[in-house]
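The data block below is model33.pdb; it holds PDB, C-alpha atoms, pLDDT in the B column.
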ATOM      1  CA  MET A   1     -21.946   4.389  10.441  1.00 47.00           C
ATOM      2  CA  GLU A   2     -25.082   4.220  12.533  1.00 50.00           C
ATOM      3  CA  TRP A   3     -28.435   3.528  10.913  1.00 52.00           C
ATOM      4  CA  ASN A   4     -31.958   4.129  12.109  1.00 50.00           C
ATOM      5  CA  GLU A   5     -34.882   2.281  10.540  1.00 48.00           C
ATOM      6  CA  GLN A   6     -38.085   4.281  10.821  1.00 68.00           C
ATOM      7  CA  GLU A   7     -40.653   5.774   8.484  1.00 88.00           C
ATOM      8  CA  PRO A   8     -40.181   6.444   4.769  1.00 92.00           C
ATOM      9  CA  LEU A   9     -37.528   9.015   4.055  1.00 94.00           C
ATOM     10  CA  SER A  10     -38.430  12.656   3.639  1.00 94.00           C
ATOM     11  CA  ASP A  11     -37.475  14.507   0.465  1.00 95.00           C
ATOM     12  CA  GLY A  12     -34.409  15.951   2.165  1.00 94.00           C
ATOM     13  CA  GLU A  13     -33.311  12.624   3.573  1.00 94.00           C
ATOM     14  CA  LEU A  14     -33.781  10.896   0.245  1.00 95.00           C
ATOM     15  CA  ASP A  15     -31.894  13.590  -1.661  1.00 95.00           C
ATOM     16  CA  GLY A  16     -29.114  13.402   0.908  1.00 94.00           C
ATOM     17  CA  LEU A  17     -28.771   9.653   0.563  1.00 94.00           C
ATOM     18  CA  LEU A  18     -28.957   9.726  -3.228  1.00 95.00           C
ATOM     19  CA  SER A  19     -26.108  12.220  -3.289  1.00 94.00           C
ATOM     20  CA  GLU A  20     -23.885   9.588  -1.680  1.00 92.00           C
ATOM     21  CA  TRP A  21     -23.668   7.612  -4.927  1.00 93.00           C
ATOM     22  CA  MET A  22     -20.702   9.109  -6.710  1.00 91.00           C
ATOM     23  CA  ILE A  23     -19.211   7.985 -10.020  1.00 90.00           C
ATOM     24  CA  ASP A  24     -15.474   8.197 -10.579  1.00 88.00           C
ATOM     25  CA  ALA A  25     -14.372  10.410 -13.450  1.00 87.00           C
ATOM     26  CA  PRO A  26     -14.154   8.779 -16.875  1.00 87.00           C
ATOM     27  CA  PRO A  27     -10.751   7.353 -17.782  1.00 83.00           C
ATOM     28  CA  GLU A  28      -8.195   9.556 -19.459  1.00 78.00           C
ATOM     29  CA  ARG A  29      -8.444   7.634 -22.733  1.00 75.00           C
ATOM     30  CA  LEU A  30     -11.884   9.139 -23.225  1.00 75.00           C
ATOM     31  CA  GLN A  31     -10.002  12.370 -23.863  1.00 63.00           C
ATOM     32  CA  MET A  32      -8.710  11.003 -27.158  1.00 52.00           C
ATOM     33  CA  LEU A  33     -11.133  13.121 -29.126  1.00 56.00           C
ATOM     34  CA  ARG A  34      -9.263  16.158 -27.870  1.00 50.00           C
ATOM     35  CA  LEU A  35      -6.012  15.246 -29.564  1.00 43.00           C
ATOM     36  CA  PRO A  36      -5.443  17.555 -32.527  1.00 45.00           C
ATOM     37  CA  GLY A  37      -4.944  15.990 -35.934  1.00 46.00           C
ATOM     38  CA  ARG A  38      -6.297  12.586 -34.942  1.00 46.00           C
ATOM     39  CA  SER A  39      -8.913  11.463 -37.391  1.00 45.00           C
ATOM     40  CA  MET A  40     -12.055   9.726 -36.284  1.00 46.00           C
ATOM     41  CA  GLN A  41     -10.876   6.513 -37.946  1.00 44.00           C
ATOM     42  CA  ARG A  42      -7.690   6.640 -35.942  1.00 42.00           C
ATOM     43  CA  VAL A  43      -9.691   7.201 -32.810  1.00 43.00           C
ATOM     44  CA  LYS A  44     -11.883   4.273 -33.732  1.00 45.00           C
ATOM     45  CA  ARG A  45      -8.968   1.931 -34.390  1.00 43.00           C
ATOM     46  CA  GLY A  46      -7.165   3.134 -31.315  1.00 40.00           C
ATOM     47  CA  TRP A  47     -10.085   2.500 -29.050  1.00 42.00           C
ATOM     48  CA  PRO A  48      -9.814  -1.101 -27.894  1.00 39.00           C
ATOM     49  CA  LEU A  49     -13.195  -1.266 -26.204  1.00 36.00           C
ATOM     50  CA  PHE A  50     -14.907   0.074 -29.278  1.00 36.00           C
ATOM     51  CA  ALA A  51     -14.341  -3.123 -31.221  1.00 36.00           C
ATOM     52  CA  GLY A  52     -17.185  -4.878 -29.466  1.00 38.00           C
ATOM     53  CA  LEU A  53     -19.688  -2.332 -30.719  1.00 36.00           C
ATOM     54  CA  ARG A  54     -18.473  -2.141 -34.299  1.00 37.00           C
ATOM     55  CA  SER A  55     -20.301  -5.083 -35.756  1.00 32.00           C
ATOM     56  CA  PRO A  56     -23.874  -4.286 -34.661  1.00 33.00           C
ATOM     57  CA  LEU A  57     -23.495  -0.600 -35.507  1.00 33.00           C
ATOM     58  CA  ASP A  58     -21.770  -0.839 -38.873  1.00 34.00           C
TER      59      ASP A  58
ATOM     60  CA  MET B   1     -21.020  24.405 -30.853  1.00 74.00           C
ATOM     61  CA  THR B   2     -18.543  22.049 -32.483  1.00 74.00           C
ATOM     62  CA  ALA B   3     -18.426  18.330 -31.735  1.00 76.00           C
ATOM     63  CA  GLN B   4     -15.190  18.990 -29.898  1.00 76.00           C
ATOM     64  CA  GLU B   5     -16.852  21.567 -27.667  1.00 81.00           C
ATOM     65  CA  ALA B   6     -19.797  19.247 -27.126  1.00 86.00           C
ATOM     66  CA  PHE B   7     -17.401  16.501 -26.088  1.00 87.00           C
ATOM     67  CA  ASP B   8     -15.561  18.762 -23.679  1.00 87.00           C
ATOM     68  CA  ARG B   9     -18.792  19.935 -22.121  1.00 90.00           C
ATOM     69  CA  TYR B  10     -20.868  16.771 -21.967  1.00 93.00           C
ATOM     70  CA  HIS B  11     -18.758  13.633 -22.074  1.00 93.00           C
ATOM     71  CA  ARG B  12     -18.522  13.338 -18.297  1.00 93.00           C
ATOM     72  CA  GLN B  13     -22.266  13.684 -18.019  1.00 94.00           C
ATOM     73  CA  VAL B  14     -22.941  11.056 -20.675  1.00 95.00           C
ATOM     74  CA  PHE B  15     -20.411   8.721 -19.072  1.00 95.00           C
ATOM     75  CA  GLY B  16     -21.937   9.180 -15.623  1.00 95.00           C
ATOM     76  CA  PHE B  17     -25.440   8.584 -16.928  1.00 96.00           C
ATOM     77  CA  VAL B  18     -24.531   5.323 -18.668  1.00 95.00           C
ATOM     78  CA  CYS B  19     -22.399   4.223 -15.742  1.00 94.00           C
ATOM     79  CA  ARG B  20     -25.310   4.566 -13.359  1.00 95.00           C
ATOM     80  CA  LEU B  21     -27.821   3.144 -15.808  1.00 92.00           C
ATOM     81  CA  THR B  22     -25.825   0.001 -16.556  1.00 90.00           C
ATOM     82  CA  ARG B  23     -23.478  -0.210 -13.538  1.00 89.00           C
ATOM     83  CA  ASP B  24     -20.823  -1.110 -16.081  1.00 90.00           C
ATOM     84  CA  ARG B  25     -17.915   1.294 -16.556  1.00 92.00           C
ATOM     85  CA  GLN B  26     -16.635  -0.518 -19.617  1.00 90.00           C
ATOM     86  CA  ALA B  27     -20.015  -0.222 -21.297  1.00 90.00           C
ATOM     87  CA  ALA B  28     -20.116   3.426 -20.287  1.00 93.00           C
ATOM     88  CA  GLU B  29     -16.736   4.042 -21.932  1.00 91.00           C
ATOM     89  CA  ASP B  30     -17.803   2.348 -25.149  1.00 90.00           C
ATOM     90  CA  ILE B  31     -21.137   4.065 -25.340  1.00 93.00           C
ATOM     91  CA  THR B  32     -19.797   7.505 -24.505  1.00 93.00           C
ATOM     92  CA  GLN B  33     -17.228   7.148 -27.234  1.00 90.00           C
ATOM     93  CA  GLU B  34     -19.825   5.950 -29.705  1.00 90.00           C
ATOM     94  CA  CYS B  35     -22.174   8.834 -28.912  1.00 91.00           C
ATOM     95  CA  PHE B  36     -19.626  11.463 -29.770  1.00 89.00           C
ATOM     96  CA  LEU B  37     -18.366   9.626 -32.816  1.00 86.00           C
ATOM     97  CA  ALA B  38     -21.959   9.554 -34.047  1.00 88.00           C
ATOM     98  CA  LEU B  39     -22.231  13.280 -33.413  1.00 86.00           C
ATOM     99  CA  VAL B  40     -19.068  13.881 -35.425  1.00 83.00           C
ATOM    100  CA  ARG B  41     -20.265  11.678 -38.268  1.00 81.00           C
ATOM    101  CA  SER B  42     -23.789  13.045 -38.441  1.00 84.00           C
ATOM    102  CA  PRO B  43     -24.070  16.397 -36.704  1.00 82.00           C
ATOM    103  CA  GLY B  44     -27.149  17.202 -38.763  1.00 84.00           C
ATOM    104  CA  LYS B  45     -29.168  14.595 -36.883  1.00 88.00           C
ATOM    105  CA  PHE B  46     -29.288  16.874 -33.877  1.00 89.00           C
ATOM    106  CA  ASP B  47     -32.239  19.248 -34.175  1.00 88.00           C
ATOM    107  CA  ALA B  48     -32.042  22.080 -31.653  1.00 87.00           C
ATOM    108  CA  THR B  49     -35.733  22.816 -32.099  1.00 88.00           C
ATOM    109  CA  ARG B  50     -36.582  19.418 -30.612  1.00 86.00           C
ATOM    110  CA  GLY B  51     -34.506  19.642 -27.454  1.00 87.00           C
ATOM    111  CA  THR B  52     -31.143  20.427 -25.931  1.00 90.00           C
ATOM    112  CA  LEU B  53     -27.890  18.852 -27.045  1.00 91.00           C
ATOM    113  CA  ARG B  54     -27.359  17.165 -23.707  1.00 92.00           C
ATOM    114  CA  ALA B  55     -30.834  15.607 -23.913  1.00 93.00           C
ATOM    115  CA  TYR B  56     -30.003  14.428 -27.437  1.00 93.00           C
ATOM    116  CA  LEU B  57     -26.722  12.903 -26.298  1.00 94.00           C
ATOM    117  CA  CYS B  58     -28.291  11.250 -23.263  1.00 95.00           C
ATOM    118  CA  GLY B  59     -31.033   9.874 -25.496  1.00 95.00           C
ATOM    119  CA  MET B  60     -28.475   8.426 -27.880  1.00 95.00           C
ATOM    120  CA  ALA B  61     -26.541   6.951 -24.954  1.00 96.00           C
ATOM    121  CA  ARG B  62     -29.730   5.431 -23.577  1.00 95.00           C
ATOM    122  CA  ASN B  63     -30.582   3.803 -26.872  1.00 94.00           C
ATOM    123  CA  LEU B  64     -27.067   2.445 -27.281  1.00 93.00           C
ATOM    124  CA  ALA B  65     -27.153   1.029 -23.762  1.00 91.00           C
ATOM    125  CA  LEU B  66     -30.449  -0.712 -24.434  1.00 87.00           C
ATOM    126  CA  LYS B  67     -29.165  -2.012 -27.762  1.00 88.00           C
ATOM    127  CA  ARG B  68     -25.953  -3.253 -26.227  1.00 84.00           C
ATOM    128  CA  PHE B  69     -27.753  -5.340 -23.672  1.00 74.00           C
ATOM    129  CA  ARG B  70     -30.194  -6.649 -26.239  1.00 79.00           C
ATOM    130  CA  ASP B  71     -27.268  -7.688 -28.441  1.00 79.00           C
ATOM    131  CA  LEU B  72     -25.495  -9.328 -25.553  1.00 74.00           C
ATOM    132  CA  ARG B  73     -28.746 -10.855 -24.357  1.00 64.00           C
ATOM    133  CA  VAL B  74     -28.119  -9.449 -20.933  1.00 61.00           C
ATOM    134  CA  ASP B  75     -31.483  -9.092 -19.275  1.00 54.00           C
ATOM    135  CA  GLU B  76     -31.020  -8.308 -15.647  1.00 49.00           C
ATOM    136  CA  PRO B  77     -28.959  -5.126 -15.651  1.00 47.00           C
ATOM    137  CA  MET B  78     -31.583  -3.265 -17.651  1.00 46.00           C
ATOM    138  CA  GLU B  79     -34.633  -4.927 -16.135  1.00 44.00           C
ATOM    139  CA  GLY B  80     -34.777  -3.680 -12.615  1.00 43.00           C
ATOM    140  CA  LYS B  81     -36.758  -5.570 -10.059  1.00 39.00           C
ATOM    141  CA  PHE B  82     -38.127  -3.973  -6.951  1.00 38.00           C
ATOM    142  CA  ALA B  83     -37.040  -6.005  -3.988  1.00 43.00           C
ATOM    143  CA  GLU B  84     -35.603  -5.705  -0.574  1.00 49.00           C
ATOM    144  CA  LEU B  85     -31.946  -4.866  -0.479  1.00 53.00           C
ATOM    145  CA  GLU B  86     -29.746  -7.879   0.081  1.00 55.00           C
ATOM    146  CA  ASP B  87     -28.328  -6.333   3.183  1.00 53.00           C
ATOM    147  CA  SER B  88     -30.754  -3.755   4.483  1.00 53.00           C
ATOM    148  CA  ARG B  89     -28.679  -2.655   7.415  1.00 55.00           C
ATOM    149  CA  GLY B  90     -25.192  -3.318   8.543  1.00 58.00           C
ATOM    150  CA  ASP B  91     -22.644  -4.011   5.863  1.00 62.00           C
ATOM    151  CA  LEU B  92     -23.743  -1.807   2.978  1.00 73.00           C
ATOM    152  CA  ASP B  93     -22.514   1.760   3.066  1.00 85.00           C
ATOM    153  CA  ALA B  94     -24.791   4.532   1.870  1.00 87.00           C
ATOM    154  CA  SER B  95     -23.314   4.701  -1.616  1.00 90.00           C
ATOM    155  CA  ALA B  96     -23.627   0.956  -2.193  1.00 91.00           C
ATOM    156  CA  ALA B  97     -27.138   0.930  -0.774  1.00 92.00           C
ATOM    157  CA  VAL B  98     -28.228   3.718  -3.105  1.00 94.00           C
ATOM    158  CA  GLU B  99     -26.593   2.044  -6.102  1.00 94.00           C
ATOM    159  CA  GLN B 100     -28.333  -1.215  -5.341  1.00 92.00           C
ATOM    160  CA  ALA B 101     -31.695   0.415  -4.662  1.00 94.00           C
ATOM    161  CA  VAL B 102     -31.622   2.488  -7.861  1.00 95.00           C
ATOM    162  CA  SER B 103     -30.489  -0.496  -9.920  1.00 91.00           C
ATOM    163  CA  ARG B 104     -33.545  -2.440  -8.763  1.00 91.00           C
ATOM    164  CA  LEU B 105     -35.982   0.140  -9.995  1.00 93.00           C
ATOM    165  CA  PRO B 106     -37.854  -0.652 -13.210  1.00 91.00           C
ATOM    166  CA  VAL B 107     -35.716   0.700 -16.006  1.00 88.00           C
ATOM    167  CA  LEU B 108     -38.051   3.540 -16.984  1.00 93.00           C
ATOM    168  CA  GLU B 109     -38.110   4.781 -13.401  1.00 95.00           C
ATOM    169  CA  ARG B 110     -34.397   4.217 -13.012  1.00 94.00           C
ATOM    170  CA  GLU B 111     -33.446   6.344 -15.984  1.00 94.00           C
ATOM    171  CA  ALA B 112     -35.805   9.111 -14.854  1.00 96.00           C
ATOM    172  CA  VAL B 113     -34.204   9.221 -11.405  1.00 97.00           C
ATOM    173  CA  ILE B 114     -30.689   9.186 -12.803  1.00 96.00           C
ATOM    174  CA  LEU B 115     -31.329  11.906 -15.358  1.00 96.00           C
ATOM    175  CA  PHE B 116     -33.143  14.128 -12.871  1.00 96.00           C
ATOM    176  CA  GLN B 117     -31.173  13.526  -9.714  1.00 96.00           C
ATOM    177  CA  TYR B 118     -27.643  13.072 -11.001  1.00 95.00           C
ATOM    178  CA  GLU B 119     -27.530  14.674 -14.426  1.00 93.00           C
ATOM    179  CA  GLY B 120     -29.719  17.660 -13.576  1.00 93.00           C
ATOM    180  CA  LEU B 121     -31.990  17.382 -16.594  1.00 94.00           C
ATOM    181  CA  SER B 122     -35.356  19.108 -16.473  1.00 95.00           C
ATOM    182  CA  LEU B 123     -38.554  17.107 -16.852  1.00 96.00           C
ATOM    183  CA  ALA B 124     -38.852  18.387 -20.418  1.00 94.00           C
ATOM    184  CA  GLU B 125     -35.289  17.325 -21.203  1.00 94.00           C
ATOM    185  CA  ILE B 126     -35.891  13.879 -19.720  1.00 96.00           C
ATOM    186  CA  ALA B 127     -39.054  13.568 -21.775  1.00 95.00           C
ATOM    187  CA  ALA B 128     -37.067  14.402 -24.910  1.00 91.00           C
ATOM    188  CA  THR B 129     -34.322  11.980 -23.906  1.00 92.00           C
ATOM    189  CA  VAL B 130     -36.565   8.980 -23.337  1.00 94.00           C
ATOM    190  CA  GLY B 131     -39.233   9.818 -25.904  1.00 93.00           C
ATOM    191  CA  ALA B 132     -42.119  10.200 -23.476  1.00 95.00           C
ATOM    192  CA  GLU B 133     -44.555  12.879 -22.397  1.00 96.00           C
ATOM    193  CA  VAL B 134     -43.560  15.161 -19.548  1.00 97.00           C
ATOM    194  CA  GLY B 135     -46.480  13.874 -17.482  1.00 98.00           C
ATOM    195  CA  ALA B 136     -45.312  10.300 -17.888  1.00 98.00           C
ATOM    196  CA  VAL B 137     -41.809  11.230 -16.802  1.00 97.00           C
ATOM    197  CA  LYS B 138     -43.180  13.056 -13.792  1.00 98.00           C
ATOM    198  CA  GLY B 139     -45.152   9.958 -12.812  1.00 98.00           C
ATOM    199  CA  ARG B 140     -42.139   7.677 -13.211  1.00 97.00           C
ATOM    200  CA  LEU B 141     -40.020   9.994 -11.122  1.00 97.00           C
ATOM    201  CA  HIS B 142     -42.653  10.157  -8.411  1.00 97.00           C
ATOM    202  CA  ARG B 143     -43.058   6.377  -8.279  1.00 97.00           C
ATOM    203  CA  ALA B 144     -39.320   5.860  -8.207  1.00 97.00           C
ATOM    204  CA  ARG B 145     -38.855   8.257  -5.326  1.00 97.00           C
ATOM    205  CA  GLU B 146     -41.688   6.606  -3.396  1.00 96.00           C
ATOM    206  CA  ARG B 147     -40.011   3.238  -3.800  1.00 95.00           C
ATOM    207  CA  LEU B 148     -36.651   4.653  -2.780  1.00 96.00           C
ATOM    208  CA  ARG B 149     -38.109   6.330   0.311  1.00 95.00           C
ATOM    209  CA  MET B 150     -39.108   2.897   1.539  1.00 93.00           C
ATOM    210  CA  THR B 151     -36.163   0.871   0.278  1.00 93.00           C
ATOM    211  CA  LEU B 152     -33.588   3.228   1.677  1.00 93.00           C
ATOM    212  CA  ALA B 153     -35.373   3.994   4.944  1.00 92.00           C
ATOM    213  CA  PRO B 154     -33.164   1.575   6.881  1.00 89.00           C
ATOM    214  CA  PHE B 155     -30.217   3.689   5.803  1.00 89.00           C
ATOM    215  CA  ARG B 156     -31.485   6.918   7.348  1.00 85.00           C
ATOM    216  CA  ARG B 157     -28.705   8.476   9.308  1.00 76.00           C
ATOM    217  CA  VAL B 158     -29.372   8.971  12.968  1.00 65.00           C
ATOM    218  CA  GLY B 159     -29.187  12.657  13.778  1.00 59.00           C
ATOM    219  CA  GLU B 160     -29.778  13.745  10.167  1.00 54.00           C
ATOM    220  CA  SER B 161     -33.501  13.084   9.980  1.00 49.00           C
ATOM    221  CA  ASN B 162     -34.189  16.776   9.465  1.00 47.00           C
ATOM    222  CA  GLY B 163     -31.298  17.273   7.140  1.00 43.00           C
ATOM    223  CA  VAL B 164     -29.299  18.957   9.913  1.00 41.00           C
ATOM    224  CA  GLU B 165     -25.786  17.719  10.565  1.00 40.00           C
TER     225      GLU B 165
END
Mind turning the file's structure into structure tokens?
Amino acid sequence: MEWNEQEPLSDGELDGLLSEWMIDAPPERLQMLRLPGRSMQRVKRGWPLFAGLRSPLD
Amino acid sequence: MTAQEAFDRYHRQVFGFVCRLTRDRQAAEDITQECFLALVRSPGKFDATRGTLRAYLCGMARNLALKRFRDLRVDEPMEGKFAELEDSRGDLDASAAVEQAVSRLPVLEREAVILFQYEGLSLAEIAATVGAEVGAVKGRLHRARERLRMTLAPFRRVGESNGVE
């Protein structure tokens, strides 16, 4: 890609560049809340990354 | 709207906001999950007269992100510093340059840019999210964009200076 260093970006240029920063979709396991019949406690226990937040929030 | 419907509608937005704010996908997963669990546990805490649900959720995510880094005593990811990009020309692609430039904004400016530019929140919604006046948010957004105009200037694409491909 070719770059050109000049004056500060215009609004359009800045908006165009900012739009380049994309975030990948959240992982499928974040869909766990959609599973029917799964209680919140089961979701909590089944969420491995959640353990790190349990102590300061409980 | 049920918590389930709120999750379906907003979890990607909350995840994206935290991801950009912290640059940490694992933290974003944790915090997104915690936000919606909190909504399920205490739906009455959301007051529709004080703002939109998405602003409420983003505000909760913001507070959890700040708390997480305080607990972990991680200073730098939430305390942006305005500086030249490490590689202001050649090797960074546009996405990486933008990520780095936004991450170096002071945190109050950073969250304003992310919520406005990427999450599409109005100034009033951002104000509700971060607990500030609309005028203050407008000022933060303006200052952030002025910094980014300069920081990202080396990454202007030749031939697109007028926004024309």
Once you count all atoms listed in the file, what closest atom pair and distance in Å to one decimal does each residue of chain B within 7 Å of chain A have, with rows by chain and rising residue number, as CSV?
residue,atom,partner,partner_atom,distance
B:Gln4,CA,A:Arg34,CA,6.9
B:Arg12,CA,A:Pro26,CA,6.5
B:Phe15,CA,A:Pro26,CA,6.6
B:Gly16,CA,A:Ile23,CA,6.3
B:Asp30,CA,A:Phe50,CA,5.5
B:Gln33,CA,A:Leu30,CA,7.0
B:Ala94,CA,A:Glu20,CA,6.2
B:Ser95,CA,A:Trp21,CA,4.4
B:Val98,CA,A:Leu18,CA,6.1
B:Glu99,CA,A:Trp21,CA,6.4
B:Arg149,CA,A:Leu9,CA,4.6
B:Met150,CA,A:Pro8,CA,4.9
B:Ala153,CA,A:Pro8,CA,5.4
B:Pro154,CA,A:Glu5,CA,4.1
B:Phe155,CA,A:Trp3,CA,5.4
B:Arg156,CA,A:Asn4,CA,5.5
B:Arg157,CA,A:Trp3,CA,5.2
B:Val158,CA,A:Asn4,CA,5.6
B:Ser161,CA,A:Glu13,CA,6.4
B:Gly163,CA,A:Gly12,CA,6.0
So which residues touch Leu64 (chain B) within 7 Å, counting only C-alpha atoms, skipping near sequence neighbours fewer than 4 positions away, as a list in words?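 Once the nearby chain positions are removed, what remains is Ile31, Met60 and Arg68 of chain B.
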Let me know the centre plus edge lengths, in Å and rounded to one decimal, of a box with edges along x, y and z that contains all listed atoms of region 59-64 of chain B and is padded by 5 Å on every side, as JSON.
{"center_x": -28.8, "center_y": 6.2, "center_z": -25.7, "size_x": 14.5, "size_y": 17.4, "size_z": 14.3}
List the neighbours of Leu108 (chain B) out to 12 Å using only C-alpha atoms; skip same-chain residues closer than 4 positions along the sequence, and give me the result as a PyMOL selection string. chain B and resi 21+62+66+78-81+102-104+112-115+126-127+129-132+136-144
Nearest candidate to Ala101 (chain B) (options B:Leu152, B:Arg54, B:Lys67, B:Thr49; using only C-alpha atoms):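 Answer, going by the shortest atom-to-atom distance: B:Leu152.
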Applying 12 Å and all atoms listed in the file, which residues near Ala6 (chain B) remain after dropping the ones on its own chain fewer than 6 positions away? List them as a PyMOL selection string. (chain A and resi 33-34) or (chain B and resi 12-14+35-37+39-40+43+46+52-54+56-57)
Using Å and a single decimal, report how far CA of Asp47 (chain B) sits from CA of Ala124 (chain B). 15.3 Å
Have a look at CA of Asp8 (chain B) and CA of Arg110 (chain B) and let me know their distance in Å, one decimal.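 Answer for the CA of Asp8 (chain B) to CA of Arg110 (chain B) separation: 26.1 Å.
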